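What follows is the content of structure-v7.cif, which has mmCIF, C-alpha atoms:
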data_structure
#
loop_
_atom_site.label_atom_id
_atom_site.label_comp_id
_atom_site.auth_asym_id
_atom_site.auth_seq_id
_atom_site.Cartn_x
_atom_site.Cartn_y
_atom_site.Cartn_z
CA MET J 1 22.70 21.40 48.47
CA VAL J 2 22.38 18.17 50.47
CA LYS J 3 22.19 15.12 48.21
CA THR J 4 19.24 12.82 48.93
CA PRO J 5 20.43 9.22 49.46
CA ARG J 6 19.36 6.89 46.69
CA ASP J 7 16.67 4.33 47.52
CA LEU J 8 18.01 0.96 46.40
CA PHE J 9 14.51 -0.50 46.75
CA ALA J 10 12.89 1.91 44.27
CA PRO J 11 12.68 -0.15 41.04
CA VAL J 12 14.78 1.03 38.10
CA VAL J 13 13.70 -1.81 35.80
CA ALA J 14 10.33 -3.16 34.69
CA ILE J 15 8.38 -5.03 37.36
CA ASP J 16 8.59 -8.33 35.46
CA LYS J 17 12.42 -8.05 35.52
CA LEU J 18 12.68 -7.73 39.32
CA ASP J 19 14.20 -10.66 41.18
CA TRP J 20 11.84 -12.47 43.57
CA LEU J 21 14.24 -12.12 46.48
CA PHE J 22 14.49 -8.40 45.85
CA GLN J 23 10.69 -8.07 45.73
CA ALA J 24 10.30 -9.98 48.99
CA ALA J 25 12.90 -7.81 50.76
CA ALA J 26 11.45 -4.60 49.31
CA LEU J 27 7.77 -5.24 49.92
CA GLN J 28 7.18 -7.71 52.71
CA PRO J 29 6.80 -6.36 56.27
CA GLY J 30 9.48 -7.08 58.83
CA HIS J 31 12.48 -5.90 56.82
CA GLU J 32 12.14 -2.17 57.35
CA ALA J 33 15.38 -2.05 59.35
CA ALA J 34 17.30 -3.90 56.63
CA ARG J 35 16.06 -1.54 53.95
CA ALA J 36 16.94 1.55 56.00
CA LEU J 37 20.45 0.33 56.89
CA ILE J 38 21.21 -0.88 53.36
CA ASN J 39 20.29 2.54 51.97
CA ALA J 40 22.37 4.30 54.62
CA ILE J 41 25.45 2.18 53.83
CA PHE J 42 24.96 2.47 50.08
CA ALA J 43 25.07 6.27 50.41
CA ASN J 44 28.83 5.93 51.04
CA PHE J 45 29.40 3.15 48.50
CA ARG J 46 31.16 4.10 45.27
CA ASP J 47 29.45 2.28 42.40
CA VAL J 48 32.52 2.00 40.19
CA ASP J 49 30.92 0.23 37.21
CA ARG J 50 27.52 1.93 37.69
CA SER J 51 25.62 -1.35 37.59
CA PHE J 52 25.08 -2.02 41.29
CA VAL J 53 21.44 -0.88 41.52
CA ARG J 54 20.28 -2.73 38.43
CA VAL J 55 22.03 -5.98 39.39
CA PHE J 56 20.80 -5.64 42.99
CA GLN J 57 17.22 -5.55 41.74
CA THR J 58 17.51 -8.29 39.12
CA ALA J 59 19.72 -11.35 38.89
CA GLY J 60 22.28 -10.49 41.57
CA PHE J 61 20.36 -9.53 44.70
CA SER J 62 22.12 -11.89 47.15
CA ALA J 63 25.54 -11.23 45.61
CA ARG J 64 25.09 -7.48 45.96
CA VAL J 65 23.84 -7.78 49.55
CA PHE J 66 26.98 -9.78 50.34
CA GLU J 67 29.18 -7.20 48.60
CA LEU J 68 27.54 -4.35 50.49
CA ALA J 69 28.03 -6.21 53.79
CA LEU J 70 31.76 -6.56 53.05
CA PHE J 71 31.90 -2.83 52.34
CA ALA J 72 30.14 -2.19 55.66
CA TYR J 73 32.82 -4.26 57.45
CA ILE J 74 35.59 -2.27 55.74
CA GLU J 75 33.94 0.99 56.80
CA GLU J 76 33.33 -0.32 60.31
CA GLN J 77 37.05 -1.10 60.73
CA ASN J 78 38.09 2.20 59.10
CA LEU J 79 40.33 0.39 56.60
CA ASP J 80 41.99 2.29 53.76
CA LEU J 81 39.77 1.39 50.80
CA ASP J 82 40.80 2.08 47.20
CA ARG J 83 37.79 1.93 44.83
CA THR J 84 39.36 3.63 41.82
CA ALA J 85 39.26 0.48 39.66
CA VAL J 86 36.38 -1.81 38.72
CA ALA J 87 38.13 -5.02 39.80
CA PRO J 88 38.93 -6.57 42.17
CA ASP J 89 35.92 -5.39 44.16
CA PHE J 90 37.87 -4.04 47.15
CA VAL J 91 41.52 -3.04 47.35
CA LEU J 92 42.81 -2.20 50.82
CA ARG J 93 45.96 -0.14 51.11
CA GLY J 94 48.01 0.73 54.18
CA ARG J 95 50.38 -1.40 56.18
CA HIS J 96 48.76 -4.72 55.22
CA PRO J 97 47.35 -4.32 51.70
CA VAL J 98 44.98 -6.92 50.26
CA ALA J 99 42.83 -7.20 47.13
CA ILE J 100 39.41 -8.80 47.65
CA GLU J 101 37.04 -10.14 44.99
CA ALA J 102 33.54 -11.13 46.13
CA ALA J 103 31.86 -14.35 44.97
CA THR J 104 28.67 -16.19 45.88
CA THR J 105 27.10 -19.57 45.33
CA ASN J 106 23.78 -19.18 43.58
CA PRO J 107 20.60 -21.23 43.10
CA GLU J 108 20.01 -23.06 39.85
CA GLN J 109 18.38 -20.92 37.21
CA GLY J 110 14.62 -20.79 37.68
CA THR J 111 14.75 -21.67 41.40
CA LEU J 112 12.81 -19.32 43.68
CA LEU J 113 14.07 -18.75 47.23
CA ASP J 114 11.88 -16.85 49.67
CA CYS J 115 14.13 -14.75 51.92
CA CYS J 116 11.26 -14.30 54.38
CA ALA J 117 10.15 -17.95 54.61
CA ARG J 118 10.77 -20.16 57.63
CA PRO J 119 12.35 -23.40 56.43
CA SER J 120 13.53 -26.02 58.89
CA ILE J 121 16.76 -24.95 60.58
CA VAL J 122 18.65 -28.17 59.77
CA PRO J 123 18.71 -29.73 56.27
CA SER J 124 16.83 -33.04 56.10
CA ASP J 125 19.95 -34.79 54.76
CA LEU J 126 22.88 -33.00 56.41
CA PRO J 127 25.73 -35.09 54.87
CA ALA J 128 24.30 -34.51 51.37
CA ALA J 129 23.86 -30.81 52.10
CA ASP J 130 27.50 -30.58 53.26
CA ARG J 131 28.66 -32.26 50.05
CA GLU J 132 26.60 -29.89 47.91
CA PHE J 133 27.97 -26.93 49.88
CA VAL J 134 31.56 -27.95 49.09
CA PHE J 135 30.75 -28.32 45.40
CA GLN J 136 28.97 -24.97 45.23
CA ILE J 137 31.76 -23.16 47.09
CA GLY J 138 34.39 -24.87 44.95
CA LYS J 139 32.59 -23.79 41.77
CA ALA J 140 32.34 -20.17 42.95
CA LEU J 141 36.04 -20.03 43.89
CA ARG J 142 37.23 -21.70 40.67
CA ARG J 143 35.10 -19.31 38.61
CA LYS J 144 37.05 -16.37 40.07
CA LEU J 145 40.43 -18.11 39.77
CA LEU J 146 39.88 -18.86 36.08
CA HIS J 147 38.38 -15.47 35.20
CA ARG J 148 40.29 -13.31 32.73
CA ASP J 149 39.33 -9.80 31.62
CA ALA J 150 39.28 -8.42 28.07
CA HIS J 151 43.07 -8.05 28.23
CA GLY J 152 43.58 -11.64 29.35
CA GLN J 153 44.52 -10.62 32.89
CA ALA J 154 43.54 -12.43 36.07
CA TYR J 155 42.44 -10.37 39.06
CA TRP J 156 45.89 -10.53 40.67
CA GLU J 157 47.65 -9.56 37.41
CA LYS J 158 46.09 -6.10 37.17
CA PRO J 159 48.72 -3.33 37.52
CA HIS J 160 47.07 -1.61 40.50
CA VAL J 161 47.26 -4.80 42.63
CA LYS J 162 50.70 -6.04 41.60
CA ASP J 163 52.44 -7.83 44.51
CA VAL J 164 49.30 -7.42 46.68
CA PRO J 165 47.84 -10.55 48.33
CA PHE J 166 44.67 -11.69 46.55
CA VAL J 167 41.66 -12.96 48.53
CA ILE J 168 38.29 -14.27 47.37
CA ALA J 169 35.40 -13.49 49.71
CA VAL J 170 32.66 -16.07 49.32
CA GLY J 171 29.11 -16.34 50.64
CA ALA J 172 26.67 -19.21 50.15
CA PHE J 173 23.20 -18.55 48.70
CA HIS J 174 22.49 -21.65 46.57
CA ASN J 175 19.46 -22.85 48.57
CA GLU J 176 17.44 -22.12 51.71
CA HIS J 177 19.96 -24.01 53.88
CA ALA J 178 23.08 -22.56 52.24
CA GLN J 179 24.01 -20.55 55.35
CA PHE J 180 23.69 -23.56 57.65
CA HIS J 181 27.17 -24.87 56.91
CA PRO J 182 29.92 -23.77 59.32
CA ASP J 183 33.48 -22.83 58.50
CA GLY J 184 34.87 -26.28 59.35
CA VAL J 185 33.33 -27.81 56.22
CA LEU J 186 35.07 -25.21 54.09
CA ALA J 187 38.38 -25.74 55.91
CA SER J 188 38.27 -29.41 54.93
CA TYR J 189 38.02 -28.47 51.25
CA LEU J 190 40.61 -25.68 51.28
CA TYR J 191 43.32 -27.54 53.22
CA GLY J 192 42.42 -31.12 52.29
CA ILE J 193 42.04 -32.29 55.88
CA ASP J 194 39.37 -33.71 58.13
CA GLN J 195 39.59 -33.28 61.90
CA THR J 196 37.96 -35.66 64.38
CA PRO J 197 37.74 -34.50 68.03
CA SER J 198 38.10 -36.84 71.00
CA HIS J 199 39.32 -36.75 74.61
CA ASP J 200 42.34 -38.43 76.13
CA ASP J 201 42.39 -40.13 79.55
CA ALA J 202 42.93 -36.77 81.25
CA GLY J 203 39.86 -35.30 79.56
CA ASP J 204 41.86 -33.03 77.30
CA LEU J 205 40.74 -32.42 73.73
CA VAL J 206 42.65 -34.29 71.04
CA LEU J 207 42.21 -33.56 67.31
CA THR J 208 42.96 -36.42 64.96
CA GLN J 209 43.66 -35.06 61.50
CA GLN J 210 43.31 -37.07 58.30
CA ASP J 211 44.04 -36.13 54.70
CA VAL J 212 41.12 -35.73 52.29
CA THR J 213 41.85 -36.28 48.61
CA GLU J 214 38.42 -35.88 46.99
CA HIS J 215 34.95 -34.55 47.62
CA HIS J 216 31.94 -36.32 46.10
CA PHE J 217 28.45 -35.07 45.31
CA ARG J 218 25.96 -37.15 43.35
CA ASP J 219 27.91 -38.57 40.39
CA LYS J 220 30.68 -35.95 40.46
CA SER J 221 33.97 -35.53 42.29
CA ILE J 222 36.46 -32.70 42.73
CA PRO J 223 39.96 -32.75 44.22
CA SER J 224 40.33 -31.56 47.78
CA ALA J 225 42.98 -29.16 49.14
CA LEU J 226 42.22 -26.23 46.82
CA PHE J 227 45.07 -24.26 48.38
CA ARG J 228 47.53 -26.91 47.16
CA GLN J 229 46.28 -26.82 43.56
CA PRO J 230 48.51 -25.07 40.98
CA ASP J 231 45.61 -22.80 39.95
CA ALA J 232 45.44 -21.47 43.53
CA ALA J 233 49.07 -20.40 43.87
CA ASN J 234 47.98 -16.77 43.53
CA LEU J 235 45.13 -17.15 46.02
CA SER J 236 46.47 -15.83 49.32
CA GLY J 237 43.32 -16.59 51.28
CA VAL J 238 39.57 -17.13 51.33
CA LEU J 239 37.23 -14.92 53.35
CA PHE J 240 34.00 -16.74 54.20
CA SER J 241 30.72 -15.84 55.85
CA ASN J 242 27.44 -17.69 56.25
CA SER J 243 25.80 -14.72 57.96
CA HIS J 244 26.41 -11.65 55.78
CA THR J 245 22.90 -11.72 54.39
CA ILE J 246 19.91 -9.41 54.46
CA ALA J 247 19.14 -10.87 57.90
CA LYS J 248 22.36 -9.32 59.24
CA PHE J 249 21.30 -5.90 57.94
CA ASN J 250 17.89 -6.45 59.52
CA ARG J 251 19.38 -7.32 62.90
CA ILE J 252 21.95 -4.52 62.99
CA GLY J 253 19.38 -2.04 61.69
CA THR J 254 16.97 -3.12 64.42
CA GLU J 255 19.66 -2.61 67.06
CA LEU J 256 20.20 0.89 65.66
CA GLY J 257 16.51 1.71 66.01
CA MET J 258 15.66 1.58 62.32
CA GLY J 259 13.02 -1.14 62.61
CA HIS J 260 9.23 -0.92 62.63
CA PRO J 261 7.68 -0.92 66.14
CA GLY J 262 5.44 -3.80 65.07
CA THR J 263 8.39 -6.05 64.19
CA ALA J 264 10.49 -8.29 66.43
CA LEU J 265 13.41 -10.53 65.49
CA VAL J 266 14.63 -13.70 67.17
CA ARG J 267 18.09 -15.06 66.43
CA VAL J 268 19.01 -18.64 67.34
CA GLY J 269 22.02 -20.80 66.58
CA THR J 270 25.39 -22.07 67.72
CA CYS J 271 28.53 -20.14 68.61
CA TYR J 272 32.16 -20.67 69.52
CA ASN J 273 32.76 -22.45 72.82
CA TYR J 274 35.84 -21.09 74.60
CA ASP J 275 36.24 -24.23 76.72
CA PRO J 276 39.56 -25.59 75.34
CA ASN J 277 38.26 -29.16 75.71
CA ALA J 278 34.83 -28.61 74.21
CA VAL J 279 33.77 -30.74 71.23
CA GLU J 280 30.39 -29.06 70.76
CA PRO J 281 29.56 -25.38 70.28
CA ASN J 282 27.44 -23.32 72.64
CA GLN J 283 23.78 -22.66 71.82
CA PHE J 284 22.26 -19.19 71.84
CA ALA J 285 18.85 -17.57 71.44
CA TYR J 286 18.05 -13.89 71.86
CA ILE J 287 15.58 -11.24 70.85
CA VAL J 288 17.40 -8.70 68.68
CA GLY J 289 17.75 -5.37 70.44
CA GLU J 290 17.61 -6.78 73.97
CA GLN J 291 21.36 -7.40 74.27
CA HIS J 292 23.61 -5.13 76.29
CA ASP J 293 25.55 -2.52 74.32
CA GLU J 294 28.73 -4.63 74.43
CA GLY J 295 26.82 -7.49 72.78
CA LEU J 296 25.59 -5.54 69.77
CA GLU J 297 26.26 -7.18 66.42
CA THR J 298 29.00 -5.98 64.07
CA PHE J 299 29.85 -6.64 60.44
CA ALA J 300 33.10 -8.24 61.61
CA GLU J 301 31.08 -10.91 63.39
CA GLY J 302 30.70 -14.01 61.26
CA LEU J 303 33.71 -13.44 59.00
CA HIS J 304 36.28 -16.24 58.78
CA LEU J 305 39.61 -15.86 56.99
CA PHE J 306 41.45 -18.96 55.74
CA ILE J 307 45.10 -18.25 54.96
CA ASN J 308 46.80 -20.21 52.17
CA PRO J 309 50.18 -21.38 53.50
CA TRP J 310 51.35 -22.23 49.96
CA ALA J 311 50.44 -18.88 48.36
CA ALA J 312 52.96 -17.08 46.17
CA ILE J 313 52.23 -13.84 48.07
CA PRO J 314 51.72 -14.38 51.83
CA LEU J 315 48.75 -12.76 53.53
CA SER J 316 49.12 -11.09 56.92
CA PRO J 317 46.42 -12.12 59.45
CA ALA J 318 46.38 -8.47 60.53
CA ALA J 319 45.04 -7.35 57.14
CA LEU J 320 41.43 -7.98 58.21
CA PRO J 321 41.02 -7.24 61.95
CA LEU J 322 38.63 -8.66 64.56
CA ILE J 323 37.66 -11.79 62.64
CA VAL J 324 38.36 -15.51 63.03
CA VAL J 325 41.55 -16.52 61.21
CA TYR J 326 42.48 -20.07 60.20
CA ARG J 327 46.14 -20.89 59.70
CA MET J 328 48.18 -24.07 59.31
CA SER J 329 50.68 -24.56 62.13
CA ASP J 330 54.25 -25.79 61.61
CA ASN J 331 53.14 -29.36 62.37
CA GLY J 332 50.44 -29.25 59.69
CA VAL J 333 47.43 -28.78 61.98
CA VAL J 334 44.84 -26.20 60.95
CA VAL J 335 43.80 -24.10 63.94
CA PRO J 336 41.60 -21.01 64.32
CA ASP J 337 42.66 -17.82 66.04
CA VAL J 338 39.42 -16.62 67.62
CA PRO J 339 39.27 -13.07 69.02
CA VAL J 340 37.56 -12.63 72.37
CA GLY J 341 33.85 -12.11 71.92
CA PHE J 342 30.76 -13.68 70.41
CA HIS J 343 31.43 -15.72 67.27
CA PRO J 344 28.49 -17.60 65.75
CA PHE J 345 28.95 -20.72 63.65
CA VAL J 346 25.40 -20.95 62.33
CA SER J 347 22.31 -18.88 63.02
CA LYS J 348 18.74 -18.39 61.89
CA THR J 349 16.71 -15.20 62.27
CA PHE J 350 12.93 -15.37 62.64
CA VAL J 351 10.84 -12.29 61.89
CA THR J 352 7.53 -11.68 63.68
CA THR J 353 5.19 -8.82 62.79
CA GLY J 354 1.93 -7.38 64.06
CA LYS J 355 0.63 -6.05 67.36
CA ASP J 356 1.73 -9.19 69.23
CA ALA J 357 5.15 -9.42 67.54
CA GLN J 358 7.08 -9.09 70.79
CA LEU J 359 5.07 -11.80 72.52
CA ALA J 360 5.48 -14.09 69.50
CA ALA J 361 9.22 -13.45 69.55
CA GLN J 362 9.45 -14.30 73.23
CA LYS J 363 7.60 -17.56 72.61
CA LEU J 364 9.89 -18.44 69.69
CA ARG J 365 12.94 -17.81 71.83
CA GLN J 366 11.60 -19.90 74.71
CA ASP J 367 10.54 -22.73 72.39
CA TYR J 368 14.07 -22.89 71.01
CA ILE J 369 15.61 -22.91 74.48
CA ASP J 370 13.22 -25.67 75.57
CA SER J 371 14.10 -27.76 72.51
CA VAL J 372 17.82 -27.42 73.25
CA LEU J 373 17.26 -28.46 76.87
CA ARG J 374 15.32 -31.53 75.74
CA VAL J 375 18.20 -32.56 73.50
CA ILE J 376 20.68 -32.12 76.36
CA GLU J 377 18.50 -34.14 78.74
CA LYS J 378 18.16 -36.92 76.20
CA LYS J 379 21.93 -37.12 75.77
CA GLN J 380 22.40 -37.35 79.54
CA GLN J 381 19.96 -40.23 79.97
#
Target format structure tokens, applied to this file:
Amino acid sequence: MVKTPRDLFAPVVAIDKLDWLFQAAALQPGHEAARALINAIFANFRDVDRSFVRVFQTAGFSARVFELALFAYIEEQNLDLDRTAVAPDFVLRGRHPVAIEAATTNPEQGTLLDCCARPSIVPSDLPAADREFVFQIGKALRRKLLHRDAHGQAYWEKPHVKDVPFVIAVGAFHNEHAQFHPDGVLASYLYGIDQTPSHDDAGDLVLTQQDVTEHHFRDKSIPSALFRQPDAANLSGVLFSNSHTIAKFNRIGTELGMGHPGTALVRVGTCYNYDPNAVEPNQFAYIVGEQHDEGLETFAEGLHLFINPWAAIPLSPAALPLIVVYRMSDNGVVVPDVPVGFHPFVSKTFVTTGKDAQLAAQKLRQDYIDSVLRVIEKKQQ
């Protein structure tokens, strides 16, 4: 008998216990593709502790979406996944084994975030938002580093992952602009450096690197260079994404034909600029589903791996293929290894619904392009 896939969006708890983000994703129009793809991927997901559905629908919606997106990446790359134990979340075997525990930054208790709203793309106070991002990410990472199970064991001390590199995968969900922050802000915190780009007399790019000792937010401060801290000696790397959200499932699902015919998606943002002397990223804007086949989105897209050069157990960059990898060179400079292809830094997806959804999407795309051109013209004046 063929087993019917479980519907993650069919409530298993009382209505008053459902998380607002879950309700918005489950009920509001425009996310049909996300719901269909999430259910399809979950059909192959082994729920080891048998709590995934309940947590997904209540307090841990964003965290479970992030976890499911990581699983989708592992499946997409056909990696050898071992899910026989509850923790860490993902253990990859094979030539380059790695143990991965997922973590997320989360909004303050009682805060409601509408996953379908259209906030401004850029935070009103970007420096303050960057500082909050570092604090939130730092808190999420430290929470995993300090965690001990009922036997007093850390994640990396469990027998089934002995001598296996340990990685924390982290996604930001603490407010409506949490995904705005690119990987460079996180690199500053992990390595304790700040890079300033400039050009020499020949027009070549020069990176001036300075040490960062502390990060401040409001009346608090935390030490920089997490990778150098004694508590992080067993942290082989950090896997980061600001795009493995329900919007990614909605876009990929739309490209796979799972969306509603009365829904159109527009994705805008910035992406990696392959000009070796560029100091600014490229801009992009497209209607989801109108790209050529070679431009279709993947779950590898948007993942950034930061390797800890001081880790007790070194991590091979080949452990997680087709993603951006940050490493520290012999001269102490942190540089990314960027595979050929499309690599976004920051993006925002707008959902339009109704009989004129496609026309509305085209207008949104053109409005964004026009706004970018105006900025460029202003800079050239």
Problem set entry | Selection dump of the PyMOL selection byres ((chain J and resi 87) around 12), as a ChimeraX atom specification | /J:47-49,82-86,88-91,99-102,144,147-149,153-161,166,168
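The residue set within 10 Å of Ala63 in chain J, counting all atoms listed in the file and dropping same-chain residues fewer than 5 places from it, reads Val55, Phe56, Leu68, Ala69, Ala102, Ala103, Thr104, Thr105, Asn106, Val170, Gly171, Ala172, Phe173 and Thr245 of chain J.
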Would you save the residues from that selection as a CSV table (one decimal), in the frame of the given file, using C-alpha atoms?
chain,number,residue,atom,x,y,z
J,55,VAL,CA,22.0,-6.0,39.4
J,56,PHE,CA,20.8,-5.6,43.0
J,68,LEU,CA,27.5,-4.4,50.5
J,69,ALA,CA,28.0,-6.2,53.8
J,102,ALA,CA,33.5,-11.1,46.1
J,103,ALA,CA,31.9,-14.4,45.0
J,104,THR,CA,28.7,-16.2,45.9
J,105,THR,CA,27.1,-19.6,45.3
J,106,ASN,CA,23.8,-19.2,43.6
J,170,VAL,CA,32.7,-16.1,49.3
J,171,GLY,CA,29.1,-16.3,50.6
J,172,ALA,CA,26.7,-19.2,50.2
J,173,PHE,CA,23.2,-18.6,48.7
J,245,THR,CA,22.9,-11.7,54.4
Exercise. Quick one: of J:Leu81, J:Ala129, J:Ala319, J:Leu305, who's nearest to Pro336 in chain J, counting all atoms listed in the file?
Worked result: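 Ranked by minimum distance to Pro336 in chain J, first place goes to J:Leu305.
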Problem set entry | Using all atoms listed in the file: which of J:Val325, J:Ala178, J:Ala312, J:Leu27 has the shortest distance to Lys348 in chain J | J:Ala178
For this session: To verify the selection step, state as a PyMOL selection string which residues the PyMOL selection byres ((chain J and resi 358-363) around 10) yields on this input.
Result: chain J and resi 261-267+286-288+350-357+364-369
Would you mind writing range 266-283 of chain J with N, CA and C atoms, as a short mmCIF file (atom, residue, chain, number, x, y, z; two decimals), in the frame of the given file?
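Generated file (selection_34.cif):
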data_model
loop_
_atom_site.label_atom_id
_atom_site.label_comp_id
_atom_site.auth_asym_id
_atom_site.auth_seq_id
_atom_site.Cartn_x
_atom_site.Cartn_y
_atom_site.Cartn_z
N VAL J 266 14.01 -12.72 66.28
CA VAL J 266 14.63 -13.70 67.17
C VAL J 266 15.77 -14.38 66.44
N ARG J 267 16.94 -14.39 67.04
CA ARG J 267 18.09 -15.06 66.43
C ARG J 267 18.48 -16.26 67.28
N VAL J 268 18.62 -17.41 66.65
CA VAL J 268 19.01 -18.64 67.34
C VAL J 268 20.15 -19.28 66.58
N GLY J 269 20.94 -20.11 67.27
CA GLY J 269 22.02 -20.80 66.58
C GLY J 269 23.08 -21.32 67.52
N THR J 270 24.26 -21.57 66.95
CA THR J 270 25.39 -22.07 67.72
C THR J 270 26.55 -21.10 67.59
N CYS J 271 27.40 -21.08 68.61
CA CYS J 271 28.53 -20.14 68.61
C CYS J 271 29.76 -20.80 69.21
N TYR J 272 30.89 -20.13 69.06
CA TYR J 272 32.16 -20.67 69.52
C TYR J 272 32.15 -20.90 71.02
N ASN J 273 32.65 -22.07 71.42
CA ASN J 273 32.76 -22.45 72.82
C ASN J 273 34.21 -22.29 73.25
N TYR J 274 34.47 -21.39 74.20
CA TYR J 274 35.84 -21.09 74.60
C TYR J 274 36.45 -22.12 75.55
N ASP J 275 35.69 -23.13 75.94
CA ASP J 275 36.24 -24.23 76.72
C ASP J 275 37.26 -24.96 75.84
N PRO J 276 38.54 -24.99 76.21
CA PRO J 276 39.56 -25.59 75.34
C PRO J 276 39.34 -27.08 75.08
N ASN J 277 38.51 -27.73 75.88
CA ASN J 277 38.26 -29.16 75.71
C ASN J 277 36.87 -29.46 75.16
N ALA J 278 36.19 -28.43 74.72
CA ALA J 278 34.83 -28.61 74.21
C ALA J 278 34.86 -29.25 72.81
N VAL J 279 33.92 -30.15 72.56
CA VAL J 279 33.77 -30.74 71.23
C VAL J 279 32.48 -30.27 70.56
N GLU J 280 31.63 -29.58 71.31
CA GLU J 280 30.39 -29.06 70.76
C GLU J 280 30.31 -27.55 71.00
N PRO J 281 29.69 -26.83 70.10
CA PRO J 281 29.56 -25.38 70.28
C PRO J 281 28.52 -25.05 71.34
N ASN J 282 28.51 -23.80 71.77
CA ASN J 282 27.44 -23.32 72.64
C ASN J 282 26.20 -23.00 71.80
N GLN J 283 25.04 -23.06 72.45
CA GLN J 283 23.78 -22.66 71.82
C GLN J 283 23.43 -21.25 72.27
#
